[in-house]
>>> print(open('coords.txt').read())   # compact mmCIF, C-alpha atoms
# COMPACT_ATOMS: atom_id res chain seq x y z
CA MET P 242 13.32 108.52 -30.88
CA LEU P 243 15.63 107.00 -28.24
CA ALA P 244 19.31 106.69 -29.04
CA LEU P 245 21.46 103.81 -27.84
CA ALA P 246 22.98 106.10 -25.21
CA ASP P 247 19.50 106.79 -23.77
CA VAL P 248 18.57 103.10 -23.73
CA ALA P 249 21.91 102.18 -22.12
CA ALA P 250 21.54 104.90 -19.48
CA ARG P 251 18.06 103.70 -18.50
CA LEU P 252 19.05 100.03 -18.32
CA ASP P 253 22.16 100.87 -16.29
CA ALA P 254 20.27 103.22 -13.96
CA PHE P 255 17.90 100.37 -13.02
CA GLY P 256 20.69 97.80 -12.68
CA ILE P 257 19.44 95.61 -15.51
CA LYS P 258 21.99 93.29 -17.12
CA TRP P 259 22.06 93.81 -20.87
CA ALA P 260 24.22 93.30 -23.93
CA VAL P 261 24.16 93.99 -27.62
CA PHE P 262 23.82 90.86 -29.76
CA ALA P 263 22.99 89.64 -33.29
CA GLY P 264 23.97 91.94 -36.17
CA ALA P 265 25.49 94.76 -34.13
CA ALA P 266 27.56 92.25 -32.15
CA ALA P 267 28.65 90.66 -35.43
CA ARG P 268 29.82 94.09 -36.53
CA ALA P 269 31.73 94.51 -33.27
CA TYR P 270 33.50 91.22 -34.08
CA GLY P 271 34.40 91.97 -37.69
CA ALA P 272 31.33 92.02 -39.94
CA THR P 273 31.23 95.07 -42.20
CA ARG P 274 27.71 95.03 -43.60
CA PRO P 275 25.45 97.99 -42.80
CA LEU P 276 23.26 97.62 -39.72
CA THR P 277 19.50 97.83 -40.06
CA ASP P 278 18.70 97.89 -36.34
CA LEU P 279 20.16 97.21 -32.93
CA ASP P 280 19.27 94.18 -30.81
CA ILE P 281 19.75 94.12 -27.05
CA LEU P 282 19.51 90.95 -24.97
CA VAL P 283 18.34 91.02 -21.36
CA PRO P 284 17.79 88.08 -19.01
CA ALA P 285 14.34 86.53 -19.37
CA ALA P 286 13.72 87.12 -15.66
CA GLU P 287 14.23 90.89 -16.16
CA LEU P 288 11.56 91.45 -18.82
CA ALA P 289 8.99 92.93 -16.41
CA ALA P 290 11.59 95.37 -15.07
CA VAL P 291 12.54 96.35 -18.62
CA GLU P 292 8.88 96.95 -19.47
CA ALA P 293 8.67 99.36 -16.53
CA VAL P 294 11.79 101.20 -17.72
CA PHE P 295 10.41 101.63 -21.26
CA PRO P 296 6.66 102.25 -20.95
CA GLU P 297 6.63 103.79 -24.43
CA ALA P 298 7.87 100.56 -26.04
CA GLN P 299 5.64 98.11 -27.86
CA LEU P 300 5.58 94.60 -26.31
CA ARG P 301 5.85 91.78 -28.82
CA THR P 302 6.26 87.99 -28.76
CA PHE P 303 8.54 86.58 -31.45
CA LYS P 304 8.36 83.22 -33.22
CA ASP P 305 11.27 81.79 -31.22
CA ALA P 306 9.32 82.29 -27.96
CA ALA P 307 11.21 85.43 -27.08
CA SER P 308 9.40 88.41 -25.72
CA GLY P 309 10.63 91.84 -26.47
CA LEU P 310 10.13 95.52 -26.47
CA LEU P 311 10.24 97.40 -29.74
CA LEU P 312 11.62 100.90 -29.83
CA PRO P 313 12.37 102.74 -33.06
CA GLY P 314 15.53 101.08 -34.39
CA ILE P 315 16.17 99.12 -31.18
CA ASP P 316 14.71 95.76 -30.13
CA ILE P 317 15.16 94.61 -26.53
CA LEU P 318 14.68 90.82 -26.33
CA ALA P 319 14.35 88.40 -23.44
CA GLY P 320 13.72 84.69 -23.28
CA LEU P 321 15.21 83.55 -26.57
CA SER P 322 14.55 79.84 -26.96
CA LEU P 323 18.20 79.25 -27.87
CA LEU P 324 19.96 81.61 -25.50
CA ASP P 325 19.49 83.69 -22.37
CA LEU P 326 21.77 86.27 -20.82
CA ASP P 327 22.73 84.01 -17.92
CA ASP P 328 25.56 84.27 -15.39
CA GLU P 329 28.02 82.41 -17.63
CA MET P 330 27.44 84.80 -20.50
CA ALA P 331 27.43 87.85 -18.22
CA ALA P 332 30.87 86.87 -16.92
CA ARG P 333 32.18 86.86 -20.52
CA LEU P 334 30.64 90.09 -21.79
CA VAL P 335 33.09 92.29 -23.64
CA ARG P 336 32.89 96.02 -24.19
CA ARG P 337 33.02 97.33 -27.73
CA GLU P 338 32.30 100.62 -29.43
CA ILE P 339 28.99 100.74 -31.28
CA GLY P 340 27.59 104.00 -32.57
CA GLY P 341 30.15 106.04 -30.67
CA LEU P 342 29.31 104.41 -27.33
CA THR P 343 31.19 101.65 -25.52
CA VAL P 344 28.63 98.97 -24.65
CA PRO P 345 28.51 95.38 -23.38
CA VAL P 346 28.42 92.83 -26.20
CA ILE P 347 27.67 89.12 -25.87
CA PRO P 348 30.73 86.88 -26.26
CA PRO P 349 31.64 86.02 -29.85
CA GLU P 350 31.04 82.31 -29.18
CA ASP P 351 27.44 82.97 -28.15
CA ASN P 352 26.77 85.29 -31.07
CA ILE P 353 28.34 82.90 -33.59
CA LEU P 354 26.37 79.95 -32.24
CA LEU P 355 23.10 81.89 -32.14
CA LYS P 356 23.47 83.27 -35.68
CA ALA P 357 24.50 79.83 -36.98
CA MET P 358 21.49 78.17 -35.34
CA TRP P 359 19.17 80.79 -36.81
CA GLY P 360 20.85 80.30 -40.20
CA ARG P 361 18.66 82.84 -41.97
CA GLY P 362 19.71 84.25 -45.29
CA ALA P 363 18.93 86.86 -47.90
CA GLU P 364 15.60 85.22 -48.77
CA GLU P 365 14.42 86.25 -45.29
CA GLY P 366 16.15 89.60 -45.39
CA LYS P 367 18.75 88.38 -42.87
CA HIS P 368 22.51 87.85 -42.89
CA ASP P 369 23.17 85.15 -40.29
CA TRP P 370 25.72 83.01 -42.14
CA GLN P 371 27.34 86.07 -43.69
CA ASP P 372 27.82 87.40 -40.15
CA VAL P 373 29.13 84.05 -38.87
CA GLU P 374 31.72 83.91 -41.65
CA ALA P 375 32.79 87.51 -41.03
CA MET P 376 33.14 86.99 -37.28
CA MET P 377 35.11 83.77 -37.66
CA THR P 378 37.41 85.41 -40.18
CA GLY P 379 37.97 88.45 -37.97
CA LEU P 380 38.61 86.65 -34.68
CA GLU P 381 42.01 85.35 -33.65
CA ARG P 382 40.63 82.75 -31.26
CA LEU P 383 37.44 81.13 -30.07
CA ASP P 384 36.81 79.37 -26.79
CA TRP P 385 35.60 76.08 -28.27
CA GLN P 386 35.07 74.53 -24.84
CA TYR P 387 32.62 77.31 -23.92
CA LEU P 388 30.96 77.20 -27.36
CA ARG P 389 30.41 73.44 -27.09
CA TRP P 390 29.17 73.80 -23.52
CA ARG P 391 26.62 76.38 -24.68
CA ALA P 392 25.60 74.17 -27.62
CA ASP P 393 25.02 71.21 -25.26
CA GLY P 394 22.02 73.05 -23.82
CA MET P 395 20.39 73.67 -27.20
CA PHE P 396 17.81 71.65 -29.08
CA PRO P 397 17.08 70.06 -31.50
CA ARG P 398 20.25 68.02 -30.98
CA ALA P 399 20.64 66.90 -34.61
CA ARG P 400 20.60 70.52 -35.78
CA VAL P 401 23.06 71.58 -33.07
CA GLU P 402 25.51 68.81 -34.04
CA GLY P 403 25.26 69.78 -37.71
CA VAL P 404 25.84 73.45 -36.92
CA LEU P 405 28.87 72.60 -34.74
CA ARG P 406 30.40 70.57 -37.59
CA CYS P 407 29.85 73.47 -40.00
CA LEU P 408 31.40 75.93 -37.54
CA GLU P 409 34.44 73.72 -37.02
CA GLN P 410 34.93 73.36 -40.78
CA LEU P 411 34.53 77.10 -41.31
CA TRP P 412 37.01 77.82 -38.53
CA GLU P 413 39.58 75.54 -40.17
CA GLN P 414 38.99 77.16 -43.56
CA THR P 415 39.45 80.65 -42.15
CA ARG P 416 42.69 79.63 -40.41
CA ASN P 417 44.08 78.10 -43.61
CA ALA P 418 43.09 80.95 -45.94
>>> encode(input="coords.txt", output="structure tokens")
Amino acid sequence: MLALADVAARLDAFGIKWAVFAGAAARAYGATRPLTDLDILVPAAELAAVEAVFPEAQLRTFKDAASGLLLPGIDILAGLSLLDLDDEMAARLVRREIGGLTVPVIPPEDNILLKAMWGRGAEEGKHDWQDVEAMMTGLERLDWQYLRWRADGMFPRARVEGVLRCLEQLWEQTRNA
């Protein structure tokens, strides 16, 4: 079984941009729930290179049009319909400690927006809104201009607008608590 350090070393050795996202990123930004797996985001254009780096991984297509490689306990995803690891995100990556290793993590704005758009709950075995609330409570600031810019590229528009309103309300509630 590959550890995060092994996966990171291979991705770095081949010059592939990557970052931790989803639940592990939520934990890096303040969520405290136990992690069930680790999700890594790579640019959609890099998927073929990632496949070559991890020939032992299982290739899978997910319901949100993402393709990914499954390793025990680690999913490497590319081509999410809502979000790609593009130049704007890459410029904002932060480094956080996860599992004893300092790794790149997607910006909190991207992770909050992604988890809010997914909006999955306990009935699906997920913790998206729980993670959003924990991140927003734990963060001192958010770059709302960047978050809104990212949201402008997402569809369906009505859902995006509703999610933004919910995030703004939650942010106000966490500041006034």
>>> atom_distance(input="coords.txt", atom1="atom CA of P:Glu364", atom2="atom CA of P:Ile339")
26.9 Å
>>> atom_distance(input="coords.txt", atom1="atom CA of P:Val291", atom2="atom CA of P:Leu355")
22.4 Å
>>> atom_distance(input="coords.txt", atom1="atom CA of P:Asp280", atom2="atom CA of P:Ile315")
5.8 Å
>>> closest_residue(input="coords.txt", among="P:Arg336, P:Ala267, P:Asp328, P:Leu342", to="P:Val248", atoms="only C-alpha atoms")
P:Leu342
>>> closest_residue(input="coords.txt", among="P:Arg333, P:Lys258, P:Arg361, P:Lys367", to="P:Asp278", atoms="only C-alpha atoms")
P:Lys367
>>> residues_around(input="coords.txt", residues="P:Arg391", least_positions_apart="2", cutoff="12 Å", atoms="all atoms listed in the file", output="list in words")
Leu323, Leu324, Asp325, Leu326, Asp327, Glu329, Met330, Pro348, Glu350, Asp351, Asn352, Ile353, Leu354, Leu355, Met358, Asp384, Trp385, Gln386, Tyr387, Leu388, Arg389, Asp393, Gly394, Met395, Phe396, Val401 and Leu405 of chain P
>>> residues_near_point(input="coords.txt", point="(21.4, 72.4, -41.2)", cutoff="12 Å", atoms="all atoms listed in the file", output="MDAnalysis selection string")
chainID P and resid 357:361 370 397:408
>>> residues_near_point(input="coords.txt", point="(12.3, 101.0, -16.3)", cutoff="12 Å", atoms="only C-alpha atoms", output="PyMOL selection string")
chain P and resi 247-257+287-298+310
>>> closest_residue(input="coords.txt", among="P:Gly379, P:Pro345, P:Gly309, P:Gly366", to="P:Thr273", atoms="all atoms listed in the file")
P:Gly379
>>> closest_residue(input="coords.txt", among="P:Asp372, P:Arg416, P:Gln410, P:Arg382", to="P:Pro275", atoms="all atoms listed in the file")
P:Asp372
>>> closest_residue(input="coords.txt", among="P:Ala392, P:Val283, P:Met376, P:Leu383", to="P:Arg268", atoms="only C-alpha atoms")
P:Met376
>>> closest_residue(input="coords.txt", among="P:Pro313, P:Gly271, P:Pro284, P:Gly340", to="P:Glu374", atoms="only C-alpha atoms")
P:Gly271
